[in-house]
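S.K.: Please find entry_7.csv (CSV, C-alpha atoms) on the next line:
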```
chain,number,residue,atom,x,y,z
A,1400,MET,CA,328.9,140.1,163.8
A,1401,LYS,CA,327.7,142.3,166.6
A,1402,VAL,CA,329.0,141.8,170.2
A,1403,PHE,CA,327.4,143.5,173.2
A,1404,ASN,CA,328.7,143.9,176.7
A,1405,SER,CA,326.6,142.8,179.6
A,1406,PRO,CA,326.2,144.9,182.6
A,1407,SER,CA,328.7,142.7,184.4
A,1408,GLY,CA,331.3,143.4,181.7
A,1409,GLY,CA,331.4,140.0,180.0
A,1410,PRO,CA,330.8,139.9,176.3
A,1411,PHE,CA,328.0,137.7,174.8
A,1412,LEU,CA,326.7,137.0,171.3
A,1413,VAL,CA,323.4,138.2,170.1
A,1414,TRP,CA,320.4,136.0,170.7
A,1415,ALA,CA,319.9,135.4,167.0
A,1416,LEU,CA,323.2,133.6,166.8
A,1417,ALA,CA,322.3,131.4,169.8
A,1418,VAL,CA,319.0,130.5,168.2
A,1419,GLN,CA,320.8,129.5,164.9
A,1420,LEU,CA,323.2,127.3,166.8
A,1421,VAL,CA,320.3,125.6,168.5
A,1422,LEU,CA,318.6,125.0,165.2
A,1423,CYS,CA,321.8,123.7,163.7
A,1424,GLY,CA,322.3,121.3,166.6
A,1425,SER,CA,318.8,119.9,166.1
A,1426,GLY,CA,319.3,119.5,162.4
A,1427,VAL,CA,315.8,120.9,161.5
A,1428,PHE,CA,316.1,123.2,158.5
A,1429,ALA,CA,313.4,123.7,156.0
A,1430,ASN,CA,314.1,123.7,152.3
A,1431,GLU,CA,313.6,127.2,150.8
A,1432,ASP,CA,310.8,125.8,148.5
A,1433,THR,CA,308.9,124.0,151.3
A,1434,LYS,CA,309.6,126.3,154.3
A,1435,ASN,CA,306.1,127.9,154.0
A,1436,CYS,CA,304.5,124.6,154.8
A,1437,ILE,CA,303.8,124.6,158.6
A,1438,LEU,CA,304.0,121.2,160.3
A,1439,PRO,CA,301.9,121.1,163.5
A,1440,SER,CA,304.5,118.8,165.1
A,1441,GLU,CA,307.8,119.8,163.6
A,1442,SER,CA,310.1,116.8,163.1
A,1443,GLU,CA,313.2,116.2,161.0
A,1444,SER,CA,311.8,113.0,159.4
A,1445,GLU,CA,308.6,114.6,158.3
A,1446,ARG,CA,310.5,117.7,157.0
A,1447,LYS,CA,312.7,115.4,154.9
A,1448,VAL,CA,309.6,113.8,153.4
A,1449,LEU,CA,308.3,117.2,152.5
A,1450,ASP,CA,311.6,118.3,151.0
A,1451,ARG,CA,311.4,115.4,148.5
A,1452,LEU,CA,308.5,117.4,146.9
A,1453,ALA,CA,310.6,120.6,146.4
A,1454,PRO,CA,310.7,120.2,142.6
A,1455,LEU,CA,306.9,120.7,142.6
A,1456,ALA,CA,307.0,124.0,144.3
A,1457,HIS,CA,305.9,127.3,142.7
A,1458,LYS,CA,303.5,125.5,140.3
A,1459,ASN,CA,299.7,125.6,140.1
A,1460,PHE,CA,298.2,122.2,139.3
A,1461,THR,CA,294.6,122.5,137.9
A,1462,VAL,CA,292.0,119.9,137.2
A,1463,GLN,CA,288.3,120.2,136.2
A,1464,THR,CA,285.6,117.7,137.2
A,1465,LYS,CA,281.8,117.2,137.5
A,1466,ASN,CA,279.9,115.8,140.4
A,1467,GLU,CA,276.8,113.6,140.3
A,1468,LYS,CA,274.6,116.7,139.8
A,1469,ASN,CA,276.6,117.6,136.7
A,1470,GLU,CA,278.0,120.6,138.5
A,1471,GLU,CA,281.4,121.6,137.2
A,1472,TYR,CA,284.2,122.5,139.6
A,1473,THR,CA,287.8,123.4,139.2
A,1474,TYR,CA,290.5,122.5,141.8
A,1475,VAL,CA,293.8,124.2,142.1
A,1476,PHE,CA,296.7,122.8,144.1
A,1477,GLN,CA,300.1,124.3,144.9
A,1478,LEU,CA,302.9,122.9,147.1
A,1479,CYS,CA,303.5,125.2,150.1
A,1480,GLY,CA,302.2,128.2,148.2
A,1481,ASP,CA,299.1,130.2,147.6
A,1482,ALA,CA,296.9,128.1,145.3
A,1483,GLY,CA,295.2,130.4,142.8
A,1484,GLY,CA,296.6,133.4,144.6
A,1485,VAL,CA,294.5,132.7,147.7
A,1486,PRO,CA,296.6,133.5,150.8
A,1487,GLY,CA,297.3,130.4,152.9
A,1488,ALA,CA,295.4,128.1,150.6
A,1489,GLY,CA,297.1,124.9,149.5
A,1490,VAL,CA,294.1,123.6,147.6
A,1491,ILE,CA,291.0,125.6,146.5
A,1492,GLN,CA,287.7,124.8,144.8
A,1493,LEU,CA,286.3,127.1,142.1
A,1494,GLY,CA,282.7,127.0,140.9
A,1495,SER,CA,281.6,127.3,137.3
A,1496,LYS,CA,280.6,130.9,137.8
A,1497,LYS,CA,283.4,133.5,137.9
A,1498,THR,CA,281.5,135.3,140.7
A,1499,ASP,CA,281.7,132.3,143.0
A,1500,LYS,CA,284.0,132.8,145.9
A,1501,PRO,CA,286.9,130.2,146.1
A,1502,THR,CA,286.5,127.5,148.7
A,1503,VAL,CA,289.6,126.6,150.6
A,1504,VAL,CA,289.8,122.8,150.6
A,1505,GLY,CA,293.1,122.7,152.6
A,1506,SER,CA,295.7,125.1,154.0
A,1507,TYR,CA,299.4,124.7,153.9
A,1508,ASN,CA,299.5,126.2,157.4
A,1509,ALA,CA,298.4,122.8,158.7
A,1510,THR,CA,300.5,120.3,156.7
A,1511,GLN,CA,301.2,116.7,157.3
A,1512,ALA,CA,303.6,114.6,155.1
A,1513,ILE,CA,303.8,110.9,155.1
A,1514,GLY,CA,306.3,109.1,152.8
A,1515,GLY,CA,307.2,105.7,151.5
A,1516,SER,CA,309.9,104.5,149.2
A,1517,ASP,CA,308.2,105.7,146.1
A,1518,TRP,CA,305.2,107.8,147.3
A,1519,VAL,CA,304.3,110.7,149.5
A,1520,MET,CA,301.0,111.5,151.0
A,1521,LEU,CA,300.5,115.2,151.5
A,1522,ILE,CA,297.6,116.3,153.8
A,1523,TYR,CA,296.3,119.9,154.0
A,1524,ARG,CA,294.0,120.6,156.9
A,1525,GLY,CA,292.3,123.7,158.1
A,1526,GLY,CA,290.1,124.4,155.0
A,1527,ASP,CA,286.7,126.1,155.0
A,1528,LYS,CA,284.0,124.4,157.1
A,1529,TYR,CA,281.3,122.4,155.5
A,1530,ASP,CA,277.8,124.0,155.3
A,1531,GLY,CA,275.8,121.0,156.3
A,1532,HIS,CA,278.0,117.9,155.9
A,1533,CYS,CA,280.5,116.2,158.2
A,1534,SER,CA,279.3,117.9,161.3
A,1535,ARG,CA,280.5,121.2,159.8
A,1536,GLU,CA,284.1,120.4,160.3
A,1537,SER,CA,286.9,122.0,158.4
A,1538,ARG,CA,287.7,120.6,154.9
A,1539,ARG,CA,290.7,118.5,154.4
A,1540,ALA,CA,292.7,117.7,151.2
A,1541,ILE,CA,294.8,114.5,150.7
A,1542,ILE,CA,297.2,114.5,147.7
A,1543,MET,CA,298.6,111.1,146.9
A,1544,ILE,CA,301.9,111.7,145.0
A,1545,SER,CA,303.3,108.6,143.4
A,1546,CYS,CA,306.5,107.7,141.5
A,1547,ASN,CA,306.4,107.7,137.7
A,1548,ARG,CA,309.9,107.7,136.1
A,1549,LYS,CA,308.5,108.3,132.6
A,1550,ILE,CA,307.2,111.8,133.3
A,1551,ASP,CA,308.5,114.9,135.1
A,1552,VAL,CA,305.1,115.9,136.5
A,1553,GLY,CA,301.8,114.4,135.5
A,1554,PRO,CA,298.3,116.0,135.6
A,1555,LEU,CA,296.4,116.4,138.8
A,1556,GLU,CA,293.4,114.0,139.1
A,1557,VAL,CA,290.4,114.1,141.4
A,1558,ILE,CA,289.8,110.6,142.9
A,1559,ALA,CA,287.0,111.2,145.3
A,1560,GLU,CA,285.2,113.6,147.6
A,1561,ASP,CA,284.1,111.7,150.7
A,1562,ARG,CA,281.7,113.9,152.6
A,1563,GLU,CA,279.0,111.3,153.5
A,1564,ARG,CA,280.5,110.9,157.0
A,1565,VAL,CA,279.9,112.3,160.4
A,1566,GLN,CA,283.5,113.4,160.6
A,1567,ASP,CA,286.9,113.0,159.0
A,1568,CYS,CA,285.7,113.8,155.5
A,1569,PHE,CA,288.3,114.5,152.8
A,1570,TYR,CA,289.0,115.3,149.2
A,1571,LEU,CA,291.4,112.8,147.6
A,1572,PHE,CA,293.7,113.8,144.7
A,1573,GLU,CA,296.4,112.0,142.8
A,1574,LEU,CA,299.5,113.2,141.1
A,1575,ASP,CA,302.3,111.3,139.4
A,1576,THR,CA,305.9,112.6,139.3
A,1577,SER,CA,309.5,111.4,139.1
A,1578,ALA,CA,310.5,113.7,142.0
A,1579,VAL,CA,309.5,111.0,144.6
A,1580,CYS,CA,311.2,108.1,142.8
A,1581,PRO,CA,314.1,106.4,144.7
A,1582,PRO,CA,317.5,106.7,143.1
A,1583,VAL,CA,318.3,104.0,140.6
A,1584,GLN,CA,321.0,101.7,142.0
A,1585,SER,CA,323.7,100.6,139.6
A,1586,GLN,CA,323.3,97.0,138.4
A,1587,ILE,CA,327.0,96.6,137.5
A,1588,SER,CA,329.2,94.8,140.0
A,1589,THR,CA,332.6,95.8,141.0
A,1590,GLY,CA,334.2,93.0,139.0
A,1591,SER,CA,332.4,94.1,135.9
A,1592,ILE,CA,333.6,97.7,136.4
A,1593,ILE,CA,337.2,96.5,136.7
A,1594,LEU,CA,336.8,94.4,133.5
A,1595,ILE,CA,335.4,97.3,131.6
A,1596,ILE,CA,338.2,99.6,132.7
A,1597,GLY,CA,340.8,96.9,131.8
A,1598,PHE,CA,339.3,96.5,128.3
A,1599,CYS,CA,339.3,100.2,127.8
A,1600,LEU,CA,342.9,100.6,128.8
A,1601,LEU,CA,343.9,97.6,126.6
A,1602,ALA,CA,342.1,99.2,123.6
A,1603,VAL,CA,343.8,102.5,124.2
A,1604,TYR,CA,347.2,100.7,124.4
A,1605,LEU,CA,346.7,98.8,121.2
A,1606,ILE,CA,345.3,101.6,119.1
A,1607,GLY,CA,347.7,104.2,120.4
A,1608,GLY,CA,350.7,101.9,120.1
A,1609,PHE,CA,349.7,100.9,116.6
A,1610,LEU,CA,349.4,104.5,115.4
A,1611,TYR,CA,352.7,105.4,117.0
A,1612,GLN,CA,354.6,102.5,115.5
A,1613,ARG,CA,353.1,103.1,112.0
A,1614,LEU,CA,353.0,106.9,111.8
A,1615,ILE,CA,356.0,108.0,114.0
A,1616,VAL,CA,358.4,105.0,113.8
A,1617,GLY,CA,357.4,103.9,110.3
A,1618,ALA,CA,357.2,100.2,111.2
A,1619,LYS,CA,355.6,97.7,108.9
A,1620,GLY,CA,354.0,94.3,109.2
A,1621,MET,CA,354.0,92.7,112.7
A,1622,GLU,CA,356.4,95.3,114.0
A,1623,GLN,CA,353.5,97.7,114.0
A,1624,PHE,CA,352.3,95.9,117.1
A,1625,PRO,CA,353.3,98.0,120.2
A,1626,ASN,CA,356.3,96.5,122.0
A,1627,TYR,CA,356.5,93.6,119.6
A,1628,ALA,CA,359.9,92.4,120.7
A,1629,PHE,CA,358.8,92.3,124.3
A,1630,TRP,CA,355.6,90.4,123.7
A,1631,VAL,CA,357.5,87.8,121.5
A,1632,GLU,CA,360.0,87.3,124.3
A,1633,PHE,CA,357.2,87.2,126.8
A,1634,GLY,CA,355.4,84.5,124.8
A,1635,ASN,CA,358.6,82.4,124.7
A,1636,LEU,CA,359.1,82.7,128.4
A,1637,THR,CA,355.5,81.8,129.0
A,1638,ALA,CA,355.8,78.7,126.8
A,1639,ASP,CA,359.0,77.7,128.7
A,1640,GLY,CA,357.3,78.2,132.0
A,1641,CYS,CA,354.3,76.2,130.9
A,1642,ASP,CA,356.6,73.4,129.7
A,1643,PHE,CA,358.5,73.5,133.0
A,1644,VAL,CA,355.3,73.3,135.1
A,1645,CYS,CA,353.1,71.0,133.1
A,1646,ARG,CA,355.5,68.4,131.8
A,1647,SER,CA,355.7,65.3,134.0
A,1648,ARG,CA,358.9,63.5,132.7
A,1649,ASN,CA,362.3,63.9,134.5
A,1650,ARG,CA,364.4,66.3,132.5
A,1651,GLU,CA,367.7,64.6,133.6
A,1652,GLU,CA,366.5,61.1,132.4
A,1653,PRO,CA,368.1,60.2,129.1
A,1654,PRO,CA,365.7,59.7,126.2
A,1655,ALA,CA,364.3,56.2,125.8
A,1656,TYR,CA,365.4,55.9,122.2
A,1657,ARG,CA,368.4,56.9,120.2
A,1658,GLY,CA,368.4,58.7,117.0
A,1659,VAL,CA,370.0,57.4,113.8
A,1660,ALA,CA,373.6,58.5,113.6
A,1661,THR,CA,374.2,61.0,110.9
A,1662,GLU,CA,377.8,59.8,110.2
A,1663,PRO,CA,378.2,56.9,107.7
A,1664,LEU,CA,379.1,53.6,109.3
A,1665,GLU,CA,382.5,52.1,108.6
A,1666,GLU,CA,382.4,49.2,106.1
A,1667,GLU,CA,383.3,45.9,107.8
A,1668,PRO,CA,385.9,43.9,105.9
A,1669,GLU,CA,384.4,41.2,103.7
A,1670,GLU,CA,385.3,37.7,104.8
A,1671,ARG,CA,386.4,35.5,101.9
A,1672,ASP,CA,385.5,31.9,102.2
A,1673,ASP,CA,386.6,30.8,98.7
A,1674,HIS,CA,389.4,28.7,100.2
A,1675,LEU,CA,386.9,26.4,101.8
A,1676,LEU,CA,385.4,25.3,98.5
A,1677,PRO,CA,386.7,22.0,97.0
A,1678,MET,CA,389.0,22.5,94.2
```
As structure tokens - that is how I would like this structure written.
M.R.:
Amino acid sequence: MKVFNSPSGGPFLVWALAVQLVLCGSGVFANEDTKNCILPSESESERKVLDRLAPLAHKNFTVQTKNEKNEEYTYVFQLCGDAGGVPGAGVIQLGSKKTDKPTVVGSYNATQAIGGSDWVMLIYRGGDKYDGHCSRESRRAIIMISCNRKIDVGPLEVIAEDRERVQDCFYLFELDTSAVCPPVQSQISTGSIILIIGFCLLAVYLIGGFLYQRLIVGAKGMEQFPNYAFWVEFGNLTADGCDFVCRSRNREEPPAYRGVATEPLEEEPEERDDHLLPM
């Protein structure tokens, strides 16, 4: 970092550093892939919309079409770059003859970006002027870029060329890509995630404990279950607790019946009444 001394003797930073600090404070920084696109009215929101298209940069998208007169034309589109190698051109039109001069339909030096949740409308202004249509105004290209999760980048399509107007004529193109698709939100709730983690931990505990008990300890039968003694005792304690909470009878109340005594009853002496009989 270079530091210069002012005539008054106080140090000051170079102007470039001050400009960078101002830009940092404003938060307006262009993506390296879209920085060549010039927005007439620079804004952070519009620049963010343009940056969503960064995956499409440095690529030429070509489409061929025929008009009502059966004349064949080729259109080339590039995001924030020289389409077909023509400096400053975002969209160009090529005739069927190789000697035809490319017609600039729109320039990325006058770019406008309008975005929605799953689409971006890119507008290139400042193209070559019409010869006899649209009051000889400059051509304008509108590229409608829509979300399609099934493909990375689809083919460029020509939708219409509207030049039967007094002004505000345009070329309309369409392009599908997954670059402008919103992020997919997770459909799993927090409770489901906790349950999945719990089941995974339980499976690791059971499988790992079983292998340890069988291979390392050499346990057999039910003892292969990890912490078998603990879980048996835990089950007994759980049953006791359930019995204590759920049973409604008084534990101190004696049972309503008596069991049969196990000891043999003493034989009562047999009463003899033979003396009462008449002789």
S.K.: A:Gln1612, A:Glu1471, A:Gln1463, A:Asn1435: which is nearest Ala1488 in chain A, counting all atoms listed in the file?
M.R.: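 Of A:Gln1612, A:Glu1471, A:Gln1463, A:Asn1435, the one nearest Ala1488 in chain A is A:Asn1435, counting all atoms listed in the file.
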S.K.: So which residues touch Arg1562 in chain A within 12 Å, counting all atoms listed in the file, skipping near sequence neighbours fewer than 4 positions away, as number ranges by chain?
M.R.: A: 1528-1540, 1566-1571
S.K.: Please determine, counting all atoms listed in the file, which residue among A:His1457, A:Arg1446, A:Arg1564, A:Arg1524 has the shortest atom-to-atom distance to Tyr1507 in chain A.
M.R.: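 Of all the options, A:Arg1524 lies closest to Tyr1507 in chain A.
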S.K.: Figure out the distance between CA of Pro1581 in chain A and CA of Gly1515 in chain A, please, to one decimal in Å.
M.R.: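 Here the two named atoms are 9.7 Å from each other.
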S.K.: May I have the protein, DNA and RNA residues with an atom at most 12 Å from (298.7, 122.6, 167.0), counting all atoms listed in the file in the file's coordinates, returned as a PyMOL selection string?
M.R.: chain A and resi 1437-1441+1508-1511+1524-1525
S.K.: Which distance in Å separates CA of Asp1551 in chain A and CA of Glu1445 in chain A, to one decimal?
M.R.: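 Computed distance, CA of Asp1551 in chain A to CA of Glu1445 in chain A, equals 23.2 Å.
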S.K.: Which residue, A:Leu1555, A:Ala1628, A:Val1503, A:Ile1541, has the smallest gap to Gly1526 in chain A when you use all atoms listed in the file?
M.R.: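 Ranked by minimum distance to Gly1526 in chain A, first place goes to A:Val1503.
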S.K.: Report the distance between CA of Cys1436 in chain A and CA of Thr1502 in chain A in Å, rounded to one decimal place.
M.R.: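 Computed distance, CA of Cys1436 in chain A to CA of Thr1502 in chain A, equals 19.2 Å.
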S.K.: Smallest atom-to-atom distance to Leu1493 in chain A: which of A:Leu1478, A:Val1519, A:Gln1584, A:Val1462, using all atoms listed in the file?
M.R.: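 Of A:Leu1478, A:Val1519, A:Gln1584, A:Val1462, the one nearest Leu1493 in chain A is A:Val1462, counting all atoms listed in the file.
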S.K.: List as a list in words: which residues have an atom within 7 Å of (300.0, 113.1, 151.1), counting all atoms listed in the file?
M.R.: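 Those residues, ordered by chain and then number, are Ala1512, Ile1513, Val1519, Met1520, Leu1521, Ile1522, Ile1541, Ile1542, Met1543 and Ile1544 of chain A.
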S.K.: Counting all atoms listed in the file, which of A:Glu1632, A:Asp1432, A:Asp1527, A:Glu1573 gets nearest to Val1504 in chain A?
M.R.: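 Closest to Val1504 in chain A, using all atoms listed in the file: A:Asp1527.
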S.K.: Generate the missing atoms of range 1436-1447 of chain A up to all heavy atoms and report them as a compact mmCIF listing (two decimals), in the frame of the given file.
M.R.:
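Below you can see rebuild15.txt, which holds the result:
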```txt
# COMPACT_ATOMS: atom_id res chain seq x y z
N CYS A 1436 305.34 125.63 154.27
CA CYS A 1436 304.50 124.60 154.80
C CYS A 1436 304.73 124.49 156.33
O CYS A 1436 305.88 124.28 156.75
CB CYS A 1436 304.68 123.27 154.15
SG CYS A 1436 303.88 123.12 152.54
N ILE A 1437 303.70 124.63 157.12
CA ILE A 1437 303.80 124.60 158.60
C ILE A 1437 303.37 123.19 159.05
O ILE A 1437 302.23 122.79 158.78
CB ILE A 1437 303.00 125.68 159.24
CG1 ILE A 1437 303.52 127.06 158.79
CG2 ILE A 1437 303.08 125.56 160.76
CD1 ILE A 1437 302.70 128.21 159.32
N LEU A 1438 304.27 122.50 159.72
CA LEU A 1438 304.00 121.20 160.30
C LEU A 1438 303.52 121.39 161.73
O LEU A 1438 304.27 121.97 162.53
CB LEU A 1438 305.17 120.27 160.22
CG LEU A 1438 305.77 120.04 158.82
CD1 LEU A 1438 307.05 119.22 158.93
CD2 LEU A 1438 304.76 119.34 157.93
N PRO A 1439 302.33 120.93 162.10
CA PRO A 1439 301.90 121.10 163.50
C PRO A 1439 302.85 120.55 164.51
O PRO A 1439 303.08 121.16 165.56
CB PRO A 1439 300.54 120.35 163.52
CG PRO A 1439 300.07 120.35 162.11
CD PRO A 1439 301.31 120.26 161.28
N SER A 1440 303.43 119.40 164.22
CA SER A 1440 304.50 118.80 165.10
C SER A 1440 305.74 118.70 164.27
O SER A 1440 305.93 117.74 163.53
CB SER A 1440 304.02 117.46 165.64
OG SER A 1440 303.69 116.58 164.58
N GLU A 1441 306.60 119.71 164.38
CA GLU A 1441 307.80 119.80 163.60
C GLU A 1441 308.73 118.60 163.91
O GLU A 1441 309.06 118.35 165.08
CB GLU A 1441 308.54 121.09 163.81
CG GLU A 1441 309.75 121.30 162.93
CD GLU A 1441 309.38 121.64 161.48
OE1 GLU A 1441 308.34 122.28 161.27
OE2 GLU A 1441 310.14 121.25 160.58
N SER A 1442 309.15 117.86 162.87
CA SER A 1442 310.10 116.80 163.10
C SER A 1442 311.00 116.69 161.85
O SER A 1442 310.62 117.06 160.74
CB SER A 1442 309.34 115.42 163.24
OG SER A 1442 308.65 115.07 162.06
N GLU A 1443 312.21 116.22 162.10
CA GLU A 1443 313.20 116.20 161.00
C GLU A 1443 312.78 115.16 159.95
O GLU A 1443 312.94 115.40 158.76
CB GLU A 1443 314.56 115.77 161.60
CG GLU A 1443 315.67 115.75 160.57
CD GLU A 1443 317.01 115.40 161.18
OE1 GLU A 1443 317.05 115.18 162.41
OE2 GLU A 1443 318.01 115.33 160.43
N SER A 1444 312.23 114.01 160.35
CA SER A 1444 311.80 113.00 159.40
C SER A 1444 310.71 113.48 158.49
O SER A 1444 310.74 113.28 157.28
CB SER A 1444 311.41 111.71 160.12
OG SER A 1444 310.33 111.97 160.99
N GLU A 1445 309.72 114.14 159.08
CA GLU A 1445 308.60 114.60 158.30
C GLU A 1445 309.03 115.78 157.37
O GLU A 1445 308.55 115.91 156.24
CB GLU A 1445 307.47 115.08 159.20
CG GLU A 1445 306.16 115.33 158.48
CD GLU A 1445 305.00 115.55 159.44
OE1 GLU A 1445 305.25 115.55 160.68
OE2 GLU A 1445 303.86 115.70 158.97
N ARG A 1446 309.97 116.60 157.85
CA ARG A 1446 310.50 117.70 157.00
C ARG A 1446 311.27 117.13 155.83
O ARG A 1446 311.20 117.66 154.71
CB ARG A 1446 311.36 118.61 157.85
CG ARG A 1446 311.94 119.79 157.10
CD ARG A 1446 310.88 120.69 156.53
NE ARG A 1446 310.09 121.36 157.55
CZ ARG A 1446 309.13 122.24 157.27
NH1 ARG A 1446 308.85 122.55 156.01
NH2 ARG A 1446 308.43 122.80 158.24
N LYS A 1447 312.00 116.04 156.01
CA LYS A 1447 312.70 115.40 154.90
C LYS A 1447 311.76 114.87 153.85
O LYS A 1447 312.02 114.95 152.65
CB LYS A 1447 313.63 114.31 155.42
CG LYS A 1447 314.86 114.80 156.16
CD LYS A 1447 315.75 113.64 156.59
CE LYS A 1447 317.00 114.13 157.28
NZ LYS A 1447 317.87 113.01 157.73
```
